[in-house]
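One file, work.txt, is given below (compact mmCIF, C-alpha atoms and all ligand atoms).
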```txt
# COMPACT_ATOMS: atom_id res chain seq x y z
CA MET P 18 0.00 0.00 0.00
CA SER P 19 1.06 3.55 -0.59
CA LEU P 20 2.08 5.60 2.39
CA PHE P 21 1.41 8.72 0.37
CA PHE P 22 -1.93 10.52 0.31
CA PHE P 23 -3.74 12.60 -2.34
CA GLY P 24 -0.68 12.46 -4.60
CA GLU P 25 1.35 14.55 -2.13
CA LYS P 26 5.01 13.51 -1.97
CA ARG P 27 4.93 13.60 1.81
CA PRO P 28 4.78 10.39 3.82
CA LEU P 29 1.75 9.67 5.97
CA PRO P 30 2.50 9.18 9.66
CA ARG P 31 2.90 5.50 10.53
CA HIS P 32 1.83 5.65 14.16
CA ILE P 33 -0.97 7.99 15.19
CA PHE P 34 -2.51 8.47 18.65
CA ILE P 35 -6.06 9.88 18.57
CA THR P 36 -8.15 10.87 21.61
CA GLY P 37 -11.91 10.73 21.24
CA ALA P 38 -11.68 7.99 18.61
CA SER P 39 -14.89 6.26 19.75
CA SER P 40 -17.16 8.68 17.88
CA GLY P 41 -17.58 11.46 15.34
CA ILE P 42 -14.51 13.27 14.03
CA GLY P 43 -12.06 11.08 15.97
CA ARG P 44 -13.50 7.89 14.49
CA ALA P 45 -13.54 9.45 11.01
CA LEU P 46 -9.87 10.44 11.42
CA ALA P 47 -8.94 6.91 12.52
CA LEU P 48 -10.68 5.53 9.43
CA ALA P 49 -9.02 8.08 7.15
CA TYR P 50 -5.58 6.99 8.36
CA ALA P 51 -6.32 3.25 8.59
CA SER P 52 -4.42 1.14 6.05
CA ASP P 53 -1.72 -1.54 5.82
CA GLY P 54 1.49 -0.52 7.56
CA VAL P 55 -0.22 2.07 9.77
CA ARG P 56 -0.50 1.65 13.55
CA LEU P 57 -3.34 3.45 15.32
CA SER P 58 -3.48 4.03 19.06
CA LEU P 59 -7.08 4.96 19.75
CA SER P 60 -8.57 6.28 22.96
CA GLY P 61 -11.96 7.05 24.44
CA ARG P 62 -14.10 6.05 27.42
CA ASN P 63 -16.87 4.05 25.77
CA GLU P 64 -15.42 0.58 25.22
CA ALA P 65 -18.12 -0.70 22.86
CA ARG P 66 -17.88 2.31 20.52
CA LEU P 67 -14.08 2.29 20.66
CA ASN P 68 -14.07 -1.43 19.76
CA GLU P 69 -16.30 -0.66 16.79
CA THR P 70 -13.82 1.98 15.55
CA ALA P 71 -11.00 -0.55 16.00
CA ARG P 72 -12.89 -3.23 14.04
CA LEU P 73 -13.50 -0.85 11.13
CA CYS P 74 -9.83 0.25 11.11
CA ARG P 75 -8.52 -3.35 11.29
CA ASP P 76 -10.77 -4.20 8.33
CA LYS P 77 -8.80 -1.56 6.39
CA GLY P 78 -5.49 -3.24 7.35
CA ALA P 79 -4.34 -1.06 10.27
CA THR P 80 -2.75 -2.39 13.45
CA VAL P 81 -4.83 -1.02 16.33
CA SER P 82 -4.23 -0.63 20.08
CA LEU P 83 -6.94 0.70 22.36
CA PHE P 84 -6.56 2.90 25.45
CA LEU P 85 -9.59 3.44 27.66
CA PHE P 86 -9.19 6.52 29.83
CA ASP P 87 -10.73 9.86 30.68
CA VAL P 88 -8.66 12.71 29.21
CA THR P 89 -9.18 14.74 32.39
CA ASP P 90 -7.07 12.10 34.19
CA GLU P 91 -3.53 13.43 33.78
CA VAL P 92 -1.78 10.28 35.00
CA ALA P 93 -3.86 7.94 32.83
CA ALA P 94 -3.36 10.08 29.73
CA ARG P 95 0.41 10.27 30.18
CA HIS P 96 0.62 6.54 30.87
CA ALA P 97 -1.37 5.65 27.74
CA ILE P 98 0.59 7.94 25.40
CA THR P 99 3.95 6.84 26.82
CA GLN P 100 2.97 3.17 26.52
CA ALA P 101 1.77 3.60 22.93
CA ASN P 102 5.14 5.15 22.08
CA THR P 103 6.94 2.04 23.37
CA PHE P 104 4.97 -0.16 20.92
CA GLN P 105 6.28 1.93 18.02
CA PRO P 106 7.53 5.53 18.02
CA LEU P 107 4.61 7.94 17.58
CA ASP P 108 4.63 10.31 14.59
CA LEU P 109 1.39 12.20 15.23
CA ILE P 110 -0.77 12.80 18.32
CA ILE P 111 -4.25 14.26 17.82
CA ALA P 112 -5.92 15.91 20.85
CA ASN P 113 -9.47 15.58 19.57
CA ALA P 114 -11.59 14.52 22.58
CA GLY P 115 -13.97 17.29 23.55
CA ILE P 116 -17.49 18.08 24.65
CA SER P 117 -20.06 20.83 24.20
CA ALA P 118 -23.40 21.43 25.84
CA GLY P 119 -24.72 19.24 23.00
CA SER P 120 -22.92 16.28 24.61
CA PHE P 121 -25.41 16.66 27.49
CA GLY P 122 -28.45 17.52 25.36
CA HIS P 123 -29.11 20.91 26.97
CA GLY P 124 -27.57 24.39 27.27
CA GLU P 125 -24.54 25.52 29.29
CA SER P 126 -25.58 25.26 32.94
CA GLU P 127 -22.84 25.96 35.51
CA THR P 128 -22.18 22.21 35.91
CA THR P 129 -21.99 21.73 32.15
CA ALA P 130 -19.75 24.76 31.69
CA ARG P 131 -17.31 23.45 34.32
CA ALA P 132 -17.26 20.02 32.63
CA ILE P 133 -16.57 21.69 29.28
CA PHE P 134 -13.62 23.63 30.76
CA ASP P 135 -12.24 20.45 32.36
CA THR P 136 -12.45 18.26 29.27
CA ASN P 137 -11.64 20.77 26.56
CA ILE P 138 -8.70 22.42 28.34
CA GLN P 139 -7.31 19.95 30.89
CA GLY P 140 -7.94 17.10 28.45
CA VAL P 141 -5.91 18.86 25.77
CA LEU P 142 -3.09 19.73 28.22
CA ASN P 143 -3.02 16.11 29.40
CA THR P 144 -2.62 14.93 25.80
CA VAL P 145 -0.23 17.56 24.50
CA PHE P 146 2.32 17.69 27.37
CA PRO P 147 3.25 13.98 27.06
CA ALA P 148 3.39 14.48 23.28
CA LEU P 149 5.80 17.42 23.68
CA ASP P 150 7.97 15.34 26.03
CA ILE P 151 8.20 12.52 23.48
CA PHE P 152 8.75 14.76 20.45
CA LYS P 153 11.37 17.04 22.09
CA SER P 154 13.96 14.39 21.28
CA THR P 155 12.49 12.63 18.25
CA GLY P 156 10.48 15.39 16.54
CA GLY P 157 6.89 14.82 15.48
CA GLN P 158 3.51 16.34 14.87
CA ILE P 159 0.72 17.42 17.24
CA ALA P 160 -2.82 18.36 16.20
CA ILE P 161 -5.22 20.15 18.53
CA VAL P 162 -8.92 20.15 17.67
CA SER P 163 -10.33 23.61 18.38
CA SER P 164 -13.40 24.95 16.57
CA ILE P 165 -14.70 27.90 14.59
CA ALA P 166 -16.40 28.70 17.90
CA GLY P 167 -12.86 29.53 19.07
CA VAL P 168 -12.46 32.17 16.36
CA THR P 169 -15.29 34.41 17.52
CA PRO P 170 -17.11 34.40 20.89
CA LEU P 171 -20.57 32.83 20.72
CA ALA P 172 -23.42 33.73 23.10
CA GLY P 173 -25.00 30.31 22.56
CA CYS P 174 -21.99 28.46 24.01
CA PRO P 175 -19.76 30.82 26.04
CA ALA P 176 -17.80 28.08 27.85
CA TYR P 177 -17.30 25.99 24.71
CA SER P 178 -16.27 29.06 22.75
CA ALA P 179 -13.79 30.12 25.47
CA THR P 180 -12.18 26.66 25.72
CA LYS P 181 -11.75 26.43 21.96
CA ALA P 182 -10.20 29.92 21.79
CA CYS P 183 -7.83 28.91 24.61
CA VAL P 184 -6.52 25.76 22.92
CA ARG P 185 -6.33 27.55 19.57
CA PHE P 186 -4.04 30.24 21.01
CA TRP P 187 -2.01 27.65 22.91
CA GLY P 188 -1.53 25.53 19.79
CA GLN P 189 -0.56 28.48 17.61
CA ALA P 190 1.96 29.67 20.21
CA LEU P 191 3.37 26.13 20.60
CA ASN P 192 3.81 25.98 16.85
CA ALA P 193 5.75 29.25 16.89
CA ARG P 194 7.85 28.00 19.78
CA PHE P 195 8.67 24.44 18.71
CA SER P 196 8.52 24.28 14.90
CA PRO P 197 10.12 22.90 12.81
CA LYS P 198 11.16 20.08 15.19
CA ILE P 199 7.64 19.72 16.58
CA ARG P 200 4.96 20.69 14.09
CA VAL P 201 1.78 21.84 15.82
CA SER P 202 -1.46 22.31 13.88
CA VAL P 203 -4.73 23.71 15.20
CA ILE P 204 -7.92 22.43 13.61
CA CYS P 205 -10.98 24.72 13.57
CA PRO P 206 -13.97 22.95 12.04
CA GLY P 207 -17.40 24.51 11.53
CA PHE P 208 -20.49 22.32 11.94
CA ILE P 209 -19.67 18.64 11.38
CA LYS P 210 -22.35 15.94 11.54
CA THR P 211 -21.55 13.91 14.67
CA PRO P 212 -23.42 12.93 17.86
CA LEU P 213 -22.21 16.25 19.32
CA THR P 214 -24.15 18.30 16.73
CA ASP P 215 -27.04 15.80 16.45
CA ALA P 216 -28.27 17.33 19.73
CA ASN P 217 -28.56 20.82 18.19
CA ASN P 218 -32.10 21.85 17.26
CA PHE P 219 -31.16 25.01 15.38
CA PRO P 220 -29.98 25.55 11.78
CA MET P 221 -26.31 24.64 11.24
CA PRO P 222 -25.16 26.25 7.98
CA PHE P 223 -22.64 24.45 5.75
CA MET P 224 -22.84 21.26 7.89
CA MET P 225 -20.29 18.71 6.65
CA PRO P 226 -20.13 14.90 7.04
CA ALA P 227 -17.39 13.65 9.39
CA ASP P 228 -15.58 11.60 6.72
CA LYS P 229 -15.23 14.70 4.50
CA ALA P 230 -13.96 16.71 7.49
CA ALA P 231 -11.40 13.97 8.24
CA LYS P 232 -10.05 14.11 4.67
CA ILE P 233 -9.61 17.88 4.93
CA ILE P 234 -7.82 17.49 8.27
CA VAL P 235 -5.51 14.69 7.06
CA ASN P 236 -4.66 16.69 3.95
CA GLY P 237 -3.98 19.82 6.03
CA LEU P 238 -1.75 17.88 8.42
CA ILE P 239 0.25 16.37 5.54
CA LYS P 240 0.82 19.92 4.28
CA ASN P 241 1.80 20.93 7.82
CA LYS P 242 -0.74 23.77 7.89
CA PRO P 243 -0.54 25.60 11.24
CA LEU P 244 -4.29 26.37 11.14
CA ILE P 245 -6.83 24.13 9.40
CA THR P 246 -10.12 26.07 9.30
CA PHE P 247 -13.14 24.86 7.32
CA PRO P 248 -15.69 24.90 5.68
CA PHE P 249 -14.58 27.99 3.77
CA MET P 250 -17.83 29.98 4.08
CA THR P 251 -18.17 29.37 7.84
CA ALA P 252 -14.51 30.25 8.36
CA LEU P 253 -14.89 33.43 6.33
CA GLY P 254 -18.01 34.48 8.27
CA ALA P 255 -16.34 33.84 11.65
CA ARG P 256 -13.20 35.74 10.66
CA LEU P 257 -15.17 38.74 9.37
CA LEU P 258 -17.28 38.75 12.54
CA ALA P 259 -14.13 38.66 14.68
CA LEU P 260 -12.77 41.70 12.82
CA LEU P 261 -15.82 43.87 13.60
CA PRO P 262 -15.63 46.44 16.39
CA ASN P 263 -17.40 45.31 19.58
CA GLY P 264 -20.37 47.60 19.04
CA LEU P 265 -21.19 45.90 15.73
CA GLN P 266 -20.07 42.39 16.73
CA LEU P 267 -22.12 41.95 19.91
CA PRO P 268 -25.62 42.48 18.44
CA ILE P 269 -24.88 39.82 15.79
CA ILE P 270 -23.47 37.35 18.35
CA LYS P 271 -26.54 37.89 20.56
CA LYS P 272 -28.90 36.93 17.74
CA MET P 273 -27.20 33.60 16.99
CA PRO P 274 -29.27 30.47 17.76
CA ARG P 275 -28.66 28.62 21.02
CA LYS P 276 -29.85 25.80 23.24
CA GLU P 277 -31.37 27.12 26.47
CA SER P 278 -30.05 25.90 29.86
N1 LIG P 301 -19.00 18.24 15.48
C1 LIG P 301 -18.72 19.53 15.28
O1 LIG P 301 -19.49 20.27 14.63
C2 LIG P 301 -17.43 20.09 15.80
C3 LIG P 301 -17.04 21.36 15.33
C4 LIG P 301 -15.88 21.91 15.80
C5 LIG P 301 -15.08 21.22 16.70
N2 LIG P 301 -15.49 20.00 17.15
C6 LIG P 301 -14.62 19.32 18.09
O2 LIG P 301 -14.25 18.07 17.56
C7 LIG P 301 -13.95 17.18 18.63
C8 LIG P 301 -14.73 15.89 18.42
O3 LIG P 301 -16.11 16.20 18.48
P1 LIG P 301 -17.22 15.31 17.75
O4 LIG P 301 -18.13 16.24 17.07
O5 LIG P 301 -16.60 14.19 17.01
O6 LIG P 301 -18.02 14.79 19.04
P2 LIG P 301 -18.46 13.33 19.51
O7 LIG P 301 -18.95 12.54 18.37
O8 LIG P 301 -19.35 13.56 20.67
O9 LIG P 301 -17.08 12.68 20.00
C9 LIG P 301 -16.42 13.16 21.12
C10 LIG P 301 -15.30 12.21 21.46
O10 LIG P 301 -14.60 12.74 22.58
C11 LIG P 301 -14.47 11.72 23.56
N3 LIG P 301 -14.50 12.30 24.91
C12 LIG P 301 -15.32 13.24 25.40
N4 LIG P 301 -15.04 13.48 26.68
C13 LIG P 301 -14.01 12.66 27.01
C14 LIG P 301 -13.27 12.45 28.19
N5 LIG P 301 -13.53 13.15 29.31
N6 LIG P 301 -12.29 11.53 28.17
C15 LIG P 301 -12.02 10.83 27.05
N7 LIG P 301 -12.68 10.98 25.89
C16 LIG P 301 -13.67 11.90 25.88
C17 LIG P 301 -15.68 10.81 23.36
O11 LIG P 301 -15.32 9.53 23.87
P3 LIG P 301 -16.33 8.62 24.74
O12 LIG P 301 -17.69 8.84 24.17
O13 LIG P 301 -15.78 7.24 24.53
O14 LIG P 301 -16.18 9.11 26.12
C18 LIG P 301 -15.81 10.82 21.85
O15 LIG P 301 -14.99 9.85 21.27
C19 LIG P 301 -14.33 17.92 19.91
O16 LIG P 301 -13.16 18.49 20.48
C20 LIG P 301 -15.26 19.01 19.42
O17 LIG P 301 -15.28 20.11 20.29
C21 LIG P 301 -16.64 19.42 16.71
```

What would the structure in this file look like if it were written as structure tokens?
Amino acid sequence: MSLFFFGEKRPLPRHIFITGASSGIGRALALAYASDGVRLSLSGRNEARLNETARLCRDKGATVSLFLFDVTDEVAARHAITQANTFQPLDLIIANAGISAGSFGHGESETTARAIFDTNIQGVLNTVFPALDIFKSTGGQIAIVSSIAGVTPLAGCPAYSATKACVRFWGQALNARFSPKIRVSVICPGFIKTPLTDANNFPMPFMMPADKAAKIIVNGLIKNKPLITFPFMTALGARLLALLPNGLQLPIIKKMPRKES
């Protein structure tokens, strides 16, 4: 099998660690990378769904190891990533696991907001610090899944929006600090069809299937793009909104659809 993708003369990573591989974008990424000669280390908390991802990836020829842990558990995350690296040196670690109010089926109550901060920030720190420790000597690639909600503040999901802005800034600064030895990419998707967005009962413009999103992400990572923002129209809208002065920006943000707490 070819370890090259989309005709690019850049090799695909041979060992990839993905958090949140039991569902949605994480599962789609695992499937996009799965092929002969590729090892996947996949993590999540739901064993049945993680096993299903593994089965689908093995059917495509990949060697798969599973790691069941909660990303908010610093010790467990470090242990899993370090152990995976002993099986075969890691080339790419994707900090994808994350939640929104949609994961709970209601709006951002205080409890939900605190859970979002824990998972989306601590979970990313717990994934990225072990990755940095490994790659400081060997070099490698780290991808952090942020969101278009991290490009402009959203009244419908203040905690989610804040966590995604935080990891976006952190990832961009890490890239500036550690590249070219450690290549860090930040991924900012718009609406992608997954269980996370299935809970939304408002219009989601330019919604994209997860397998299409995964192809865009894989392609962006092969090209070593520091920021992978898509779909184009959603990205453009968010960037233009972010450029507006506060007085013009806030009334638009206030009118955006939301789930109520
Ligand atoms: N879907 C979108 O429109 C969209 C847009 C922009 C960004 N994103 C981001 O993309 C990432 C994936 O989201 P998705 O849409 O694919 O959602 P999803 O289908 O709900 O998948 C979320 C994944 O994260 C894992 N996860 C959540 N909390 C965890 C925890 N505490 N410990 C370990 N694993 C945990 C879940 O694993 P278990 O179920 O096994 O616990 C699951 O595999 C998230 O960071 C999300 O914020 C999504």

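Nearest residue to ligand LIG 301 (chain P) among P:Ala176, P:Ile35, P:Ile209, P:Ala51 is P:Ile209, counting all atoms listed in the file.
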
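Remark: for ligand LIG 301 (chain P), the closest of the candidate residues P:Leu107, P:Val201, P:Ala227, P:Val235 is P:Ala227 (distances computed over only C-alpha atoms and all ligand atoms).
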
Select, from P:Ile151, P:Arg62, P:Phe195, P:Asp53, the residue with the minimum atom-to-atom distance to P:Arg75, counting only C-alpha atoms. P:Asp53

Using all atoms of ligand LIG 301 (chain P) listed in the file and a margin of 8 Å per side, can you give the axis-aligned box centre and edge lengths in Å to one decimal, as lines of an AutoDock Vina configuration file?
```
center_x = -15.8
center_y = 14.6
center_z = 22.0
size_x = 23.5
size_y = 30.7
size_z = 30.7
```

Counting all atoms listed in the file, what are the residues of chain P within 7 Å of ligand LIG 301 (chain P), and for each of them which pair of atoms is the nearest and at what distance in Å, to one decimal? Sort the table by chain and rising number, as a tab-separated table.
```
residue	atom	partner	partner_atom	distance
P:Thr36	CA	P:LIG301	N7	6.2
P:Gly37	CA	P:LIG301	O15	3.2
P:Ala38	CA	P:LIG301	O15	4.6
P:Ser39	CA	P:LIG301	O15	3.9
P:Ser40	CA	P:LIG301	O15	4.2
P:Gly41	CA	P:LIG301	O5	3.3
P:Ile42	CA	P:LIG301	O5	3.8
P:Gly43	CA	P:LIG301	O5	5.6
P:Ser60	CA	P:LIG301	N7	6.9
P:Gly61	CA	P:LIG301	O13	3.8
P:Arg62	CA	P:LIG301	O13	3.5
P:Asn63	CA	P:LIG301	O13	3.6
P:Glu64	CA	P:LIG301	O13	6.7
P:Arg66	CA	P:LIG301	O13	6.7
P:Leu67	CA	P:LIG301	O13	6.5
P:Phe86	CA	P:LIG301	C15	5.9
P:Asp87	CA	P:LIG301	N6	3.4
P:Val88	CA	P:LIG301	N6	4.0
P:Thr89	CA	P:LIG301	N5	5.6
P:Asn113	CA	P:LIG301	O16	4.8
P:Ala114	CA	P:LIG301	O10	3.5
P:Gly115	CA	P:LIG301	O16	3.4
P:Ile116	CA	P:LIG301	O17	5.3
P:Ser117	CA	P:LIG301	O17	6.2
P:Ser120	CA	P:LIG301	O8	6.0
P:Thr136	CA	P:LIG301	N5	5.2
P:Asn137	CA	P:LIG301	O16	6.7
P:Gly140	CA	P:LIG301	N5	6.9
P:Val162	CA	P:LIG301	O16	5.4
P:Ser163	CA	P:LIG301	C5	5.6
P:Ser164	CA	P:LIG301	C4	4.0
P:Ile165	CA	P:LIG301	C4	6.2
P:Cys205	CA	P:LIG301	C4	6.1
P:Pro206	CA	P:LIG301	C4	4.3
P:Gly207	CA	P:LIG301	C3	4.9
P:Phe208	CA	P:LIG301	O1	3.5
P:Ile209	CA	P:LIG301	O1	3.6
P:Lys210	CA	P:LIG301	N1	5.7
P:Thr211	CA	P:LIG301	O7	4.7
P:Pro212	CA	P:LIG301	O7	4.5
P:Leu213	CA	P:LIG301	O8	4.2
P:Thr214	CA	P:LIG301	N1	5.3
```

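Around the coordinate (-19.0, 28.3, 21.5), residues that reach within 10 Å when counting only C-alpha atoms are Ser117, Ala118, Glu125, Ser164, Ile165, Ala166, Gly167, Val168, Thr169, Pro170, Leu171, Ala172, Gly173, Cys174, Pro175, Ala176, Tyr177, Ser178, Ala179, Thr180, Lys181, Ala182 and Arg275 of chain P.
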
Just the selected residues (C-alpha atoms), exported as a compact mmCIF listing (two decimals), in the coordinates of the input, please.
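Dumped everything to result.txt:
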```txt
# COMPACT_ATOMS: atom_id res chain seq x y z
CA SER P 117 -20.06 20.83 24.20
CA ALA P 118 -23.40 21.43 25.84
CA GLU P 125 -24.54 25.52 29.29
CA SER P 164 -13.40 24.95 16.57
CA ILE P 165 -14.70 27.90 14.59
CA ALA P 166 -16.40 28.70 17.90
CA GLY P 167 -12.86 29.53 19.07
CA VAL P 168 -12.46 32.17 16.36
CA THR P 169 -15.29 34.41 17.52
CA PRO P 170 -17.11 34.40 20.89
CA LEU P 171 -20.57 32.83 20.72
CA ALA P 172 -23.42 33.73 23.10
CA GLY P 173 -25.00 30.31 22.56
CA CYS P 174 -21.99 28.46 24.01
CA PRO P 175 -19.76 30.82 26.04
CA ALA P 176 -17.80 28.08 27.85
CA TYR P 177 -17.30 25.99 24.71
CA SER P 178 -16.27 29.06 22.75
CA ALA P 179 -13.79 30.12 25.47
CA THR P 180 -12.18 26.66 25.72
CA LYS P 181 -11.75 26.43 21.96
CA ALA P 182 -10.20 29.92 21.79
CA ARG P 275 -28.66 28.62 21.02
```

For P:Asp108, which residue among P:Lys272, P:His32, P:Lys229, P:Arg185 is the nearest when counting all atoms listed in the file? P:His32

Record the distance separating atom CA of P:Asp135 and atom CA of P:Pro147, expressed in Å with one decimal. 17.6 Å

Shell of 10 Å around P:Arg31, only C-alpha atoms, local chain residues under 4 positions omitted, as a PyMOL selection string: chain P and resi 20+50-57+79+105-109

Can you measure atom CA of P:Ala71 to atom CA of P:Ile234 for me? One decimal in Å is fine. 19.9 Å

Which residues are near P:Ser202? Cut-off 12 Å, all atoms listed in the file, ignore same chain within fewer than 2 positions. Put them as a PDB file with C-alpha atoms, in the frame of the given file.
```pdb
ATOM      1  CA  LEU P 109       1.390  12.200  15.230  1.00  0.00           C
ATOM      2  CA  ILE P 110      -0.770  12.800  18.320  1.00  0.00           C
ATOM      3  CA  ILE P 111      -4.250  14.260  17.820  1.00  0.00           C
ATOM      4  CA  ALA P 112      -5.920  15.910  20.850  1.00  0.00           C
ATOM      5  CA  ASN P 113      -9.470  15.580  19.570  1.00  0.00           C
ATOM      6  CA  VAL P 145      -0.230  17.560  24.500  1.00  0.00           C
ATOM      7  CA  GLY P 157       6.890  14.820  15.480  1.00  0.00           C
ATOM      8  CA  GLN P 158       3.510  16.340  14.870  1.00  0.00           C
ATOM      9  CA  ILE P 159       0.720  17.420  17.240  1.00  0.00           C
ATOM     10  CA  ALA P 160      -2.820  18.360  16.200  1.00  0.00           C
ATOM     11  CA  ILE P 161      -5.220  20.150  18.530  1.00  0.00           C
ATOM     12  CA  VAL P 162      -8.920  20.150  17.670  1.00  0.00           C
ATOM     13  CA  SER P 163     -10.330  23.610  18.380  1.00  0.00           C
ATOM     14  CA  VAL P 184      -6.520  25.760  22.920  1.00  0.00           C
ATOM     15  CA  ARG P 185      -6.330  27.550  19.570  1.00  0.00           C
ATOM     16  CA  PHE P 186      -4.040  30.240  21.010  1.00  0.00           C
ATOM     17  CA  TRP P 187      -2.010  27.650  22.910  1.00  0.00           C
ATOM     18  CA  GLY P 188      -1.530  25.530  19.790  1.00  0.00           C
ATOM     19  CA  GLN P 189      -0.560  28.480  17.610  1.00  0.00           C
ATOM     20  CA  ALA P 190       1.960  29.670  20.210  1.00  0.00           C
ATOM     21  CA  LEU P 191       3.370  26.130  20.600  1.00  0.00           C
ATOM     22  CA  ASN P 192       3.810  25.980  16.850  1.00  0.00           C
ATOM     23  CA  ALA P 193       5.750  29.250  16.890  1.00  0.00           C
ATOM     24  CA  PHE P 195       8.670  24.440  18.710  1.00  0.00           C
ATOM     25  CA  SER P 196       8.520  24.280  14.900  1.00  0.00           C
ATOM     26  CA  PRO P 197      10.120  22.900  12.810  1.00  0.00           C
ATOM     27  CA  ILE P 199       7.640  19.720  16.580  1.00  0.00           C
ATOM     28  CA  ARG P 200       4.960  20.690  14.090  1.00  0.00           C
ATOM     29  CA  ILE P 204      -7.920  22.430  13.610  1.00  0.00           C
ATOM     30  CA  CYS P 205     -10.980  24.720  13.570  1.00  0.00           C
ATOM     31  CA  ILE P 234      -7.820  17.490   8.270  1.00  0.00           C
ATOM     32  CA  VAL P 235      -5.510  14.690   7.060  1.00  0.00           C
ATOM     33  CA  ASN P 236      -4.660  16.690   3.950  1.00  0.00           C
ATOM     34  CA  GLY P 237      -3.980  19.820   6.030  1.00  0.00           C
ATOM     35  CA  LEU P 238      -1.750  17.880   8.420  1.00  0.00           C
ATOM     36  CA  ILE P 239       0.250  16.370   5.540  1.00  0.00           C
ATOM     37  CA  LYS P 240       0.820  19.920   4.280  1.00  0.00           C
ATOM     38  CA  ASN P 241       1.800  20.930   7.820  1.00  0.00           C
ATOM     39  CA  LYS P 242      -0.740  23.770   7.890  1.00  0.00           C
ATOM     40  CA  PRO P 243      -0.540  25.600  11.240  1.00  0.00           C
ATOM     41  CA  LEU P 244      -4.290  26.370  11.140  1.00  0.00           C
ATOM     42  CA  ILE P 245      -6.830  24.130   9.400  1.00  0.00           C
ATOM     43  CA  THR P 246     -10.120  26.070   9.300  1.00  0.00           C
TER      44      THR P 246
END
```

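Across P:Phe134, P:Phe104, P:Phe152, P:Phe247, the tightest approach to P:Thr80 is made by P:Phe104 when counting only C-alpha atoms.
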
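Taking atom CA of P:Glu91 and atom CA of P:Asn143 as endpoints, the distance between them is 5.2 Å.
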
Could you list, as an MDAnalysis selection string, every residue within 10 Å of P:Ala97, counting all atoms listed in the file and ignoring same-chain residues fewer than 6 positions away? chainID P and resid 34 58:60 83:86 144 147

Please produce stretch 97-110 of chain P, completed to N, CA and C atoms, as a PDB file, keeping the file's coordinate frame.
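Output below, filename part_10.pdb:
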```
ATOM      1  N   ALA P  97      -0.919   6.235  29.009  1.00  0.00           N
ATOM      2  CA  ALA P  97      -1.370   5.650  27.740  1.00  0.00           C
ATOM      3  C   ALA P  97      -0.478   6.106  26.580  1.00  0.00           C
ATOM      4  N   ILE P  98      -0.187   7.400  26.528  1.00  0.00           N
ATOM      5  CA  ILE P  98       0.590   7.940  25.400  1.00  0.00           C
ATOM      6  C   ILE P  98       2.026   7.414  25.459  1.00  0.00           C
ATOM      7  N   THR P  99       2.582   7.355  26.673  1.00  0.00           N
ATOM      8  CA  THR P  99       3.950   6.840  26.820  1.00  0.00           C
ATOM      9  C   THR P  99       4.001   5.362  26.431  1.00  0.00           C
ATOM     10  N   GLN P 100       2.988   4.600  26.862  1.00  0.00           N
ATOM     11  CA  GLN P 100       2.970   3.170  26.520  1.00  0.00           C
ATOM     12  C   GLN P 100       2.831   2.960  25.014  1.00  0.00           C
ATOM     13  N   ALA P 101       1.952   3.730  24.389  1.00  0.00           N
ATOM     14  CA  ALA P 101       1.770   3.600  22.930  1.00  0.00           C
ATOM     15  C   ALA P 101       3.103   3.842  22.219  1.00  0.00           C
ATOM     16  N   ASN P 102       3.861   4.809  22.717  1.00  0.00           N
ATOM     17  CA  ASN P 102       5.140   5.150  22.080  1.00  0.00           C
ATOM     18  C   ASN P 102       6.168   4.025  22.204  1.00  0.00           C
ATOM     19  N   THR P 103       6.001   3.172  23.240  1.00  0.00           N
ATOM     20  CA  THR P 103       6.940   2.040  23.370  1.00  0.00           C
ATOM     21  C   THR P 103       6.599   0.935  22.358  1.00  0.00           C
ATOM     22  N   PHE P 104       5.334   0.849  21.928  1.00  0.00           N
ATOM     23  CA  PHE P 104       4.970  -0.160  20.920  1.00  0.00           C
ATOM     24  C   PHE P 104       5.650   0.156  19.585  1.00  0.00           C
ATOM     25  N   GLN P 105       5.674   1.435  19.274  1.00  0.00           N
ATOM     26  CA  GLN P 105       6.280   1.930  18.020  1.00  0.00           C
ATOM     27  C   GLN P 105       6.353   3.441  18.191  1.00  0.00           C
ATOM     28  N   PRO P 106       7.462   4.084  17.823  1.00  0.00           N
ATOM     29  CA  PRO P 106       7.530   5.530  18.020  1.00  0.00           C
ATOM     30  C   PRO P 106       6.357   6.260  17.342  1.00  0.00           C
ATOM     31  N   LEU P 107       5.751   7.175  18.110  1.00  0.00           N
ATOM     32  CA  LEU P 107       4.610   7.940  17.580  1.00  0.00           C
ATOM     33  C   LEU P 107       5.096   9.016  16.609  1.00  0.00           C
ATOM     34  N   ASP P 108       4.336   9.232  15.539  1.00  0.00           N
ATOM     35  CA  ASP P 108       4.630  10.310  14.590  1.00  0.00           C
ATOM     36  C   ASP P 108       3.677  11.489  14.770  1.00  0.00           C
ATOM     37  N   LEU P 109       2.432  11.173  15.161  1.00  0.00           N
ATOM     38  CA  LEU P 109       1.390  12.200  15.230  1.00  0.00           C
ATOM     39  C   LEU P 109       0.456  11.911  16.404  1.00  0.00           C
ATOM     40  N   ILE P 110       0.182  12.941  17.200  1.00  0.00           N
ATOM     41  CA  ILE P 110      -0.770  12.800  18.320  1.00  0.00           C
ATOM     42  C   ILE P 110      -1.876  13.837  18.121  1.00  0.00           C
TER      43      ILE P 110
END
```
